[in-house]
file input-v3.json (JSON, C-alpha atoms)
[["chain", "number", "residue", "atom", "x", "y", "z"],
["A", 1, "MET", "CA", 19.16, 83.51, 5.00],
["A", 2, "THR", "CA", 19.77, 81.85, 1.63],
["A", 3, "VAL", "CA", 21.47, 78.50, 1.08],
["A", 4, "LEU", "CA", 22.51, 77.95, -2.53],
["A", 5, "VAL", "CA", 23.25, 74.43, -3.78],
["A", 6, "LEU", "CA", 24.99, 73.95, -7.12],
["A", 7, "ARG", "CA", 24.03, 70.78, -9.01],
["A", 8, "ALA", "CA", 23.84, 71.92, -12.64],
["A", 9, "LEU", "CA", 23.78, 68.52, -14.31],
["A", 10, "GLY", "CA", 21.20, 65.95, -15.54],
["A", 11, "ILE", "CA", 18.32, 63.76, -14.30],
["A", 12, "GLY", "CA", 20.49, 61.06, -12.74],
["A", 13, "ASP", "CA", 22.74, 63.65, -11.14],
["A", 14, "LEU", "CA", 19.75, 65.37, -9.56],
["A", 15, "ALA", "CA", 18.24, 62.08, -8.35],
["A", 16, "THR", "CA", 21.49, 60.93, -6.75],
["A", 17, "ALA", "CA", 21.77, 64.27, -4.92],
["A", 18, "VAL", "CA", 18.34, 63.97, -3.26],
["A", 19, "PRO", "CA", 19.67, 62.61, 0.08],
["A", 20, "ALA", "CA", 22.21, 65.43, 0.24],
["A", 21, "LEU", "CA", 19.60, 68.06, -0.62],
["A", 22, "ARG", "CA", 17.32, 66.76, 2.14],
["A", 23, "GLY", "CA", 20.21, 66.76, 4.57],
["A", 24, "ILE", "CA", 20.91, 70.39, 3.71],
["A", 25, "ARG", "CA", 17.22, 71.22, 4.14],
["A", 26, "ALA", "CA", 17.22, 69.64, 7.61],
["A", 27, "ALA", "CA", 20.39, 71.49, 8.57],
["A", 28, "TRP", "CA", 18.84, 74.88, 7.79],
["A", 29, "PRO", "CA", 15.10, 74.49, 8.50],
["A", 30, "GLY", "CA", 13.00, 77.49, 7.63],
["A", 31, "GLN", "CA", 15.73, 79.09, 5.51],
["A", 32, "ARG", "CA", 15.45, 79.67, 1.78],
["A", 33, "LEU", "CA", 17.12, 76.87, -0.19],
["A", 34, "ALA", "CA", 17.88, 77.64, -3.84],
["A", 35, "LEU", "CA", 19.08, 74.96, -6.24],
["A", 36, "ALA", "CA", 21.28, 76.05, -9.13],
["A", 37, "ALA", "CA", 20.40, 73.70, -11.98],
["A", 38, "PRO", "CA", 19.35, 73.83, -15.65],
["A", 39, "ALA", "CA", 15.86, 75.18, -16.41],
["A", 40, "TRP", "CA", 14.80, 71.95, -18.14],
["A", 41, "LEU", "CA", 14.93, 70.12, -14.78],
["A", 42, "ALA", "CA", 12.33, 72.46, -13.25],
["A", 43, "GLN", "CA", 9.51, 69.89, -13.40],
["A", 44, "LEU", "CA", 11.49, 67.43, -11.27],
["A", 45, "VAL", "CA", 12.61, 69.84, -8.57],
["A", 46, "PRO", "CA", 9.24, 69.98, -6.68],
["A", 47, "LEU", "CA", 9.31, 66.17, -6.37],
["A", 48, "ILE", "CA", 12.32, 66.44, -4.05],
["A", 49, "GLY", "CA", 10.34, 68.33, -1.42],
["A", 50, "ALA", "CA", 13.40, 70.17, -0.09],
["A", 51, "VAL", "CA", 14.00, 73.03, -2.54],
["A", 52, "ASP", "CA", 12.31, 76.42, -2.40],
["A", 53, "GLU", "CA", 13.54, 77.97, -5.64],
["A", 54, "LEU", "CA", 15.38, 77.11, -8.83],
["A", 55, "ALA", "CA", 18.27, 79.38, -9.74],
["A", 56, "VAL", "CA", 18.71, 78.64, -13.43],
["A", 57, "THR", "CA", 22.15, 77.93, -14.85],
["A", 58, "PRO", "CA", 23.89, 79.26, -16.91],
["A", 59, "GLY", "CA", 23.57, 82.90, -15.91],
["A", 60, "LEU", "CA", 23.76, 82.05, -12.23],
["A", 61, "THR", "CA", 25.77, 85.13, -11.34],
["A", 62, "ARG", "CA", 23.02, 87.36, -12.72],
["A", 63, "SER", "CA", 20.21, 85.75, -10.72],
["A", 64, "PRO", "CA", 18.64, 88.00, -8.06],
["A", 65, "LEU", "CA", 17.94, 84.88, -5.98],
["A", 66, "VAL", "CA", 21.58, 84.23, -5.28],
["A", 67, "THR", "CA", 23.27, 87.63, -5.24],
["A", 68, "VAL", "CA", 24.93, 86.99, -1.86],
["A", 69, "PRO", "CA", 24.11, 83.52, -0.49],
["A", 70, "ASP", "CA", 24.89, 82.98, 3.16],
["A", 71, "VAL", "CA", 25.99, 79.43, 2.43],
["A", 72, "ALA", "CA", 27.00, 77.93, -0.93],
["A", 73, "VAL", "CA", 27.16, 74.14, -1.24],
["A", 74, "ASN", "CA", 29.03, 72.64, -4.18],
["A", 75, "LEU", "CA", 27.38, 69.35, -5.16],
["A", 76, "HIS", "CA", 28.56, 69.83, -8.73],
["A", 77, "GLY", "CA", 32.11, 68.49, -8.63],
["A", 78, "ARG", "CA", 35.53, 68.59, -7.07],
["A", 79, "GLY", "CA", 36.47, 72.05, -8.42],
["A", 80, "PRO", "CA", 38.20, 74.23, -9.30],
["A", 81, "GLN", "CA", 35.77, 75.50, -11.98],
["A", 82, "SER", "CA", 32.64, 75.02, -9.89],
["A", 83, "HIS", "CA", 34.37, 76.53, -6.86],
["A", 84, "ARG", "CA", 35.24, 79.60, -8.92],
["A", 85, "LEU", "CA", 31.63, 79.94, -10.10],
["A", 86, "LEU", "CA", 30.37, 79.99, -6.52],
["A", 87, "ALA", "CA", 33.18, 82.26, -5.36],
["A", 88, "ARG", "CA", 31.98, 84.95, -7.78],
["A", 89, "LEU", "CA", 28.78, 85.14, -5.71],
["A", 90, "ARG", "CA", 30.86, 85.92, -2.60],
["A", 91, "PRO", "CA", 29.04, 83.58, -0.19],
["A", 92, "LYS", "CA", 29.77, 83.95, 3.49],
["A", 93, "ARG", "CA", 30.57, 80.23, 3.69],
["A", 94, "THR", "CA", 31.24, 77.53, 1.09],
["A", 95, "LEU", "CA", 31.00, 73.76, 1.53],
["A", 96, "GLY", "CA", 32.61, 71.43, -0.97],
["A", 97, "PHE", "CA", 35.36, 68.99, -1.82],
["A", 98, "ASN", "CA", 39.03, 69.96, -2.05],
["A", 99, "LEU", "CA", 38.61, 73.27, -0.28],
["A", 100, "PRO", "CA", 41.34, 74.30, 2.20],
["A", 101, "CYS", "CA", 39.36, 72.99, 5.19],
["A", 102, "GLY", "CA", 37.12, 70.50, 3.39],
["A", 103, "PRO", "CA", 37.08, 66.76, 2.67],
["A", 104, "LYS", "CA", 39.03, 65.21, -0.19],
["A", 105, "TRP", "CA", 37.45, 63.83, -3.34],
["A", 106, "ARG", "CA", 37.60, 60.07, -3.97],
["A", 107, "ASP", "CA", 37.19, 58.53, -7.43],
["A", 108, "ASP", "CA", 36.11, 55.11, -6.09],
["A", 109, "GLU", "CA", 32.94, 56.29, -4.33],
["A", 110, "HIS", "CA", 29.29, 55.81, -5.22],
["A", 111, "GLU", "CA", 27.74, 59.07, -6.34],
["A", 112, "VAL", "CA", 25.02, 59.04, -3.66],
["A", 113, "ARG", "CA", 27.39, 58.32, -0.79],
["A", 114, "ARG", "CA", 29.95, 60.82, -2.04],
["A", 115, "TRP", "CA", 27.77, 63.84, -1.29],
["A", 116, "CYS", "CA", 26.50, 62.43, 1.98],
["A", 117, "ARG", "CA", 30.09, 61.94, 3.12],
["A", 118, "MET", "CA", 30.96, 65.48, 2.12],
["A", 119, "LEU", "CA", 28.13, 66.88, 4.22],
["A", 120, "GLU", "CA", 29.02, 64.65, 7.17],
["A", 121, "TRP", "CA", 32.49, 66.22, 7.15],
["A", 122, "TYR", "CA", 30.75, 69.53, 7.88],
["A", 123, "GLY", "CA", 28.53, 68.02, 10.59],
["A", 124, "ILE", "CA", 25.42, 67.67, 8.40],
["A", 125, "GLU", "CA", 23.58, 64.34, 8.51],
["A", 126, "ALA", "CA", 22.35, 62.88, 5.23],
["A", 127, "ASP", "CA", 20.78, 59.44, 4.74],
["A", 128, "PRO", "CA", 22.01, 57.83, 1.48],
["A", 129, "SER", "CA", 18.93, 55.59, 1.38],
["A", 130, "ASP", "CA", 16.59, 58.62, 1.28],
["A", 131, "LEU", "CA", 16.21, 58.50, -2.51],
["A", 132, "ALA", "CA", 12.42, 58.48, -2.94],
["A", 133, "LEU", "CA", 10.81, 61.26, -4.95],
["A", 134, "HIS", "CA", 7.24, 62.43, -4.44],
["A", 135, "LYS", "CA", 4.64, 61.16, -6.88],
["A", 136, "PRO", "CA", 4.16, 63.47, -9.88],
["A", 137, "LYS", "CA", 0.87, 65.36, -10.00],
["A", 138, "SER", "CA", 0.37, 64.72, -13.70],
["A", 139, "PRO", "CA", -1.46, 61.50, -14.66],
["A", 140, "PRO", "CA", 0.74, 58.95, -16.41],
["A", 141, "PRO", "CA", 0.31, 58.61, -20.19],
["A", 142, "VAL", "CA", 0.16, 54.82, -19.63],
["A", 143, "SER", "CA", -0.16, 52.87, -16.38],
["A", 144, "GLY", "CA", 1.41, 49.50, -15.69],
["A", 145, "ALA", "CA", 3.78, 49.68, -18.64],
["A", 146, "THR", "CA", 7.07, 47.92, -19.17],
["A", 147, "VAL", "CA", 9.16, 50.93, -20.12],
["A", 148, "LEU", "CA", 12.13, 50.36, -22.41],
["A", 149, "HIS", "CA", 14.23, 53.52, -22.40],
["A", 150, "VAL", "CA", 16.32, 53.31, -25.56],
["A", 151, "GLY", "CA", 18.47, 56.41, -25.04],
["A", 152, "ALA", "CA", 21.58, 57.46, -23.20],
["A", 153, "LYS", "CA", 23.82, 60.52, -23.26],
["A", 154, "SER", "CA", 26.76, 58.72, -24.81],
["A", 155, "PRO", "CA", 26.74, 55.99, -27.53],
["A", 156, "GLU", "CA", 28.83, 53.60, -25.43],
["A", 157, "ARG", "CA", 26.01, 53.46, -22.85],
["A", 158, "ARG", "CA", 23.31, 52.80, -25.44],
["A", 159, "TRP", "CA", 22.23, 49.16, -25.77],
["A", 160, "SER", "CA", 21.46, 48.19, -29.38],
["A", 161, "ARG", "CA", 18.95, 45.36, -28.76],
["A", 162, "PHE", "CA", 15.83, 47.10, -27.44],
["A", 163, "ALA", "CA", 13.77, 46.23, -30.53],
["A", 164, "ALA", "CA", 14.67, 42.55, -30.14],
["A", 165, "LEU", "CA", 13.83, 42.74, -26.43],
["A", 166, "ALA", "CA", 10.43, 44.29, -27.15],
["A", 167, "GLU", "CA", 9.66, 41.43, -29.53],
["A", 168, "ALA", "CA", 10.85, 38.78, -27.07],
["A", 169, "LEU", "CA", 8.96, 40.00, -24.00],
["A", 170, "PRO", "CA", 5.91, 37.89, -23.09],
["A", 171, "PRO", "CA", 2.45, 39.22, -24.06],
["A", 172, "GLU", "CA", 1.60, 40.37, -20.52],
["A", 173, "HIS", "CA", 4.14, 43.18, -20.85],
["A", 174, "ARG", "CA", 2.62, 46.43, -22.07],
["A", 175, "VAL", "CA", 5.71, 47.80, -23.78],
["A", 176, "VAL", "CA", 6.30, 51.54, -24.02],
["A", 177, "LEU", "CA", 9.50, 52.87, -25.58],
["A", 178, "THR", "CA", 10.96, 56.18, -24.46],
["A", 179, "GLY", "CA", 13.89, 58.41, -25.34],
["A", 180, "ASN", "CA", 14.45, 61.90, -26.66],
["A", 181, "ARG", "CA", 13.44, 63.20, -30.08],
["A", 182, "ALA", "CA", 16.77, 62.29, -31.65],
["A", 183, "GLU", "CA", 16.39, 58.72, -30.36],
["A", 184, "ARG", "CA", 12.89, 58.20, -31.73],
["A", 185, "ALA", "CA", 14.24, 56.41, -34.80],
["A", 186, "ILE", "CA", 15.87, 53.80, -32.54],
["A", 187, "ALA", "CA", 12.42, 52.85, -31.22],
["A", 188, "ASP", "CA", 10.66, 52.95, -34.61],
["A", 189, "GLY", "CA", 9.64, 49.51, -35.76],
["A", 190, "ALA", "CA", 9.86, 47.96, -32.29],
["A", 191, "ASP", "CA", 6.84, 46.21, -30.82],
["A", 192, "GLY", "CA", 5.15, 48.62, -28.42],
["A", 193, "LEU", "CA", 4.01, 52.21, -28.04],
["A", 194, "ASN", "CA", 6.74, 54.59, -29.15],
["A", 195, "LEU", "CA", 6.66, 57.72, -26.96],
["A", 196, "ALA", "CA", 10.27, 58.72, -27.61],
["A", 197, "GLY", "CA", 10.44, 62.48, -28.07],
["A", 198, "LYS", "CA", 6.77, 62.95, -27.15],
["A", 199, "LEU", "CA", 6.93, 63.41, -23.37],
["A", 200, "ASP", "CA", 8.00, 66.33, -21.26],
["A", 201, "LEU", "CA", 9.97, 65.60, -18.11],
["A", 202, "GLU", "CA", 6.93, 65.53, -15.80],
["A", 203, "GLN", "CA", 5.10, 63.14, -18.13],
["A", 204, "LEU", "CA", 8.16, 60.89, -18.29],
["A", 205, "ALA", "CA", 8.40, 60.89, -14.50],
["A", 206, "ALA", "CA", 4.68, 60.05, -14.23],
["A", 207, "LEU", "CA", 5.10, 57.19, -16.71],
["A", 208, "ILE", "CA", 8.03, 55.75, -14.75],
["A", 209, "CYS", "CA", 6.22, 56.19, -11.43],
["A", 210, "ALA", "CA", 3.24, 54.18, -12.69],
["A", 211, "ALA", "CA", 5.29, 51.56, -14.56],
["A", 212, "ARG", "CA", 5.37, 47.84, -13.90],
["A", 213, "LEU", "CA", 9.02, 47.55, -14.92],
["A", 214, "VAL", "CA", 11.75, 49.78, -16.36],
["A", 215, "VAL", "CA", 14.62, 48.57, -18.55],
["A", 216, "SER", "CA", 17.28, 51.13, -19.38],
["A", 217, "GLY", "CA", 20.93, 51.80, -19.73],
["A", 218, "ASP", "CA", 23.04, 53.63, -17.17],
["A", 219, "THR", "CA", 21.09, 56.86, -17.48],
["A", 220, "GLY", "CA", 18.66, 59.17, -15.69],
["A", 221, "VAL", "CA", 15.56, 57.01, -16.20],
["A", 222, "ALA", "CA", 17.19, 54.22, -14.17],
["A", 223, "HIS", "CA", 17.51, 56.64, -11.24],
["A", 224, "LEU", "CA", 13.85, 57.65, -11.61],
["A", 225, "ALA", "CA", 12.87, 53.97, -11.34],
["A", 226, "THR", "CA", 14.86, 53.77, -8.11],
["A", 227, "ALA", "CA", 13.31, 56.99, -6.82],
["A", 228, "PHE", "CA", 9.78, 55.69, -7.41],
["A", 229, "GLY", "CA", 10.46, 52.15, -6.15],
["A", 230, "VAL", "CA", 9.70, 50.60, -9.56],
["A", 231, "PRO", "CA", 11.37, 47.28, -10.47],
["A", 232, "SER", "CA", 14.18, 47.87, -12.93],
["A", 233, "VAL", "CA", 16.86, 46.25, -15.03],
["A", 234, "VAL", "CA", 19.85, 48.54, -15.58],
["A", 235, "LEU", "CA", 22.43, 47.80, -18.27],
["A", 236, "PHE", "CA", 25.95, 49.07, -17.63],
["A", 237, "GLY", "CA", 28.83, 49.50, -20.06],
["A", 238, "PRO", "CA", 31.99, 51.49, -19.35],
["A", 239, "MET", "CA", 30.86, 52.77, -15.94],
["A", 240, "SER", "CA", 30.88, 50.43, -12.96],
["A", 241, "PRO", "CA", 27.55, 50.00, -11.15],
["A", 242, "ALA", "CA", 29.55, 50.34, -7.93],
["A", 243, "LEU", "CA", 29.76, 54.06, -8.76],
["A", 244, "TRP", "CA", 26.32, 54.78, -10.26],
["A", 245, "GLY", "CA", 24.17, 51.69, -9.75],
["A", 246, "PRO", "CA", 20.83, 51.39, -7.92],
["A", 247, "PRO", "CA", 20.60, 50.28, -4.30],
["A", 248, "PRO", "CA", 21.35, 46.56, -3.79],
["A", 249, "LEU", "CA", 17.70, 45.55, -3.68],
["A", 250, "PRO", "CA", 16.35, 42.49, -5.55],
["A", 251, "ARG", "CA", 13.80, 44.58, -7.45],
["A", 252, "HIS", "CA", 16.71, 46.43, -9.12],
["A", 253, "GLN", "CA", 18.70, 44.06, -11.32],
["A", 254, "VAL", "CA", 22.08, 45.17, -12.65],
["A", 255, "LEU", "CA", 23.74, 43.67, -15.72],
["A", 256, "TRP", "CA", 27.40, 44.45, -16.40],
["A", 257, "ASP", "CA", 30.33, 42.77, -18.13],
["A", 258, "PRO", "CA", 33.48, 43.97, -16.34],
["A", 259, "GLU", "CA", 35.65, 42.11, -18.84],
["A", 260, "THR", "CA", 34.54, 43.97, -21.98],
["A", 261, "LEU", "CA", 32.97, 47.09, -20.40],
["A", 262, "SER", "CA", 30.61, 46.95, -23.38],
["A", 263, "VAL", "CA", 26.88, 47.26, -22.86],
["A", 264, "ASP", "CA", 26.36, 45.22, -26.03],
["A", 265, "SER", "CA", 27.96, 42.23, -24.35],
["A", 266, "ILE", "CA", 24.60, 41.89, -22.61],
["A", 267, "THR", "CA", 22.22, 39.60, -24.50],
["A", 268, "VAL", "CA", 18.46, 39.69, -24.85],
["A", 269, "ALA", "CA", 18.32, 36.42, -22.90],
["A", 270, "ASP", "CA", 20.28, 38.06, -20.08],
["A", 271, "VAL", "CA", 17.77, 40.91, -19.91],
["A", 272, "LEU", "CA", 14.73, 38.65, -20.07],
["A", 273, "ALA", "CA", 16.03, 36.61, -17.14],
["A", 274, "ALA", "CA", 16.77, 39.80, -15.18],
["A", 275, "CYS", "CA", 13.24, 41.10, -15.89],
["A", 276, "ASP", "CA", 11.81, 37.90, -14.43],
["A", 277, "ARG", "CA", 13.98, 38.23, -11.33],
["A", 278, "ALA", "CA", 13.06, 41.88, -10.78],
["A", 279, "LEU", "CA", 9.33, 41.23, -11.11],
["A", 280, "THR", "CA", 9.37, 38.01, -9.08],
["A", 281, "THR", "CA", 11.21, 39.56, -6.14],
["A", 282, "ALA", "CA", 9.10, 42.74, -6.30],
["A", 283, "SER", "CA", 5.89, 40.72, -6.05],
["A", 284, "ALA", "CA", 7.12, 38.27, -3.40],
["A", 285, "PRO", "CA", 5.47, 38.60, 0.01],
["A", 286, "THR", "CA", 7.56, 40.29, 2.68]]

call {"tool": "encode", "arguments": {"input": "input-v3.json", "output": "structure tokens"}}
result
Amino acid sequence: MTVLVLRALGIGDLATAVPALRGIRAAWPGQRLALAAPAWLAQLVPLIGAVDELAVTPGLTRSPLVTVPDVAVNLHGRGPQSHRLLARLRPKRTLGFNLPCGPKWRDDEHEVRRWCRMLEWYGIEADPSDLALHKPKSPPPVSGATVLHVGAKSPERRWSRFAALAEALPPEHRVVLTGNRAERAIADGADGLNLAGKLDLEQLAALICAARLVVSGDTGVAHLATAFGVPSVVLFGPMSPALWGPPPLPRHQVLWDPETLSVDSITVADVLAACDRALTTASAPT
């Protein structure tokens, strides 16, 4: 039996689907679970501990892994495009939103809880707090770093003051700047080790896992900090943290201006204070 799960998106999308993927794994123990996702996410997939194979997208319909899945689970969206993609594989059963006998999509729902609710409709239990990823096997390029992730998919989610933050952080912070190759210039000239564009995905995950603190915009690295239990400060712009934010734990500090919806409304002083709160609460005795 093959269970195919479609989640062909990015790092944050994969991380927020971890509870759902584990719920699906528990619902079909011993069966082959294939995840349809982009090839560049392959280094993260083993850290979930619930997926047997990666069915690379695009080209999903040509993959021998998923010729006729017994069950197809749409964790990709509300349809209809993603539903049509899975329908071409002719699965015996499909689970998803907005299907004739399925649950209805809600726009006001946190991304993690959304997929857990969908599965619960079909009688599959999924724990939305089950977000932890396994530790990467690769050694981190730097341990104990304060990671400033300068990038984001869209410009409106990209904070412009990372260089000023790097300069303002106290000396005990071992600053490492990350981002993709195109974002390397943003980190040039900032105080700290510039690793933007130099790390593969497994190395980035290992760096985050071994970090002291992560500061980033509303992007995939923030979800990796959550998954590895690393204190974080997450800067939100147009998207509400109620939809994509970390769990409400003191070690994860969220900064957001709902009036302007601009990430650049957040000041360096705001971030410095949030860094102190995240680290203080993370180190407090329980």

call {"tool": "atom_distance", "arguments": {"input": "input-v3.json", "atom1": "CA of Asp108 (chain A)", "atom2": "CA of Arg157 (chain A)"}}
result
19.6 Å

call {"tool": "atom_distance", "arguments": {"input": "input-v3.json", "atom1": "CA of Arg277 (chain A)", "atom2": "CA of Val254 (chain A)"}}
result
10.7 Å

call {"tool": "axis_aligned_box", "arguments": {"input": "input-v3.json", "around": "region 139-153 of chain A", "padding_each_side": "5 Å", "output": "AutoDock Vina command-line options"}}
result
--center_x 11.2 --center_y 54.7 --center_z -20.1 --size_x 35.3 --size_y 23.6 --size_z 20.9

call {"tool": "residues_around", "arguments": {"input": "input-v3.json", "residues": "Pro136 (chain A)", "least_positions_apart": "5", "cutoff": "12 Å", "atoms": "only C-alpha atoms", "output": "JSON, numbers by chain"}}
result
{"A": [43, 44, 45, 46, 47, 48, 49, 201, 202, 203, 204, 205, 206, 207, 208, 209, 210, 224, 227, 228]}

call {"tool": "atom_distance", "arguments": {"input": "input-v3.json", "atom1": "CA of Met118 (chain A)", "atom2": "CA of Leu33 (chain A)"}}
result
18.1 Å

call {"tool": "closest_residue", "arguments": {"input": "input-v3.json", "among": "A:Val176, A:Val268, A:Leu86, A:Val73", "to": "Gly144 (chain A)", "atoms": "only C-alpha atoms"}}
result
A:Val176

call {"tool": "closest_residue", "arguments": {"input": "input-v3.json", "among": "A:Leu95, A:Trp28, A:Ile11, A:Asn194", "to": "Asp218 (chain A)", "atoms": "only C-alpha atoms"}}
result
A:Ile11

call {"tool": "residues_around", "arguments": {"input": "input-v3.json", "residues": "Asp130 (chain A)", "least_positions_apart": "2", "cutoff": "10 Å", "atoms": "all atoms listed in the file", "output": "VMD selection string"}}
result
chain A and resid 16 to 20 22 to 23 112 126 to 128 132 to 133 227

call {"tool": "residues_near_point", "arguments": {"input": "input-v3.json", "point": "(31.4, 44.7, -8.7)", "cutoff": "10 Å", "atoms": "all atoms listed in the file", "output": "PyMOL selection string"}}
result
chain A and resi 240-243+256-258

call {"tool": "residues_near_point", "arguments": {"input": "input-v3.json", "point": "(20.6, 74.2, -8.0)", "cutoff": "8 Å", "atoms": "only C-alpha atoms", "output": "MDAnalysis selection string"}}
result
chainID A and resid 4:8 34:38 54:57

call {"tool": "closest_residue", "arguments": {"input": "input-v3.json", "among": "A:Cys116, A:Phe162, A:Arg251, A:Asn180", "to": "Leu131 (chain A)", "atoms": "all atoms listed in the file"}}
result
A:Cys116

call {"tool": "closest_residue", "arguments": {"input": "input-v3.json", "among": "A:Gly189, A:Leu199, A:Leu213, A:Pro247", "to": "Thr226 (chain A)", "atoms": "only C-alpha atoms"}}
result
A:Pro247

call {"tool": "residues_around", "arguments": {"input": "input-v3.json", "residues": "Pro69 (chain A)", "least_positions_apart": "4", "cutoff": "8 Å", "atoms": "all atoms listed in the file", "output": "PyMOL selection string"}}
result
chain A and resi 1-4+89-92
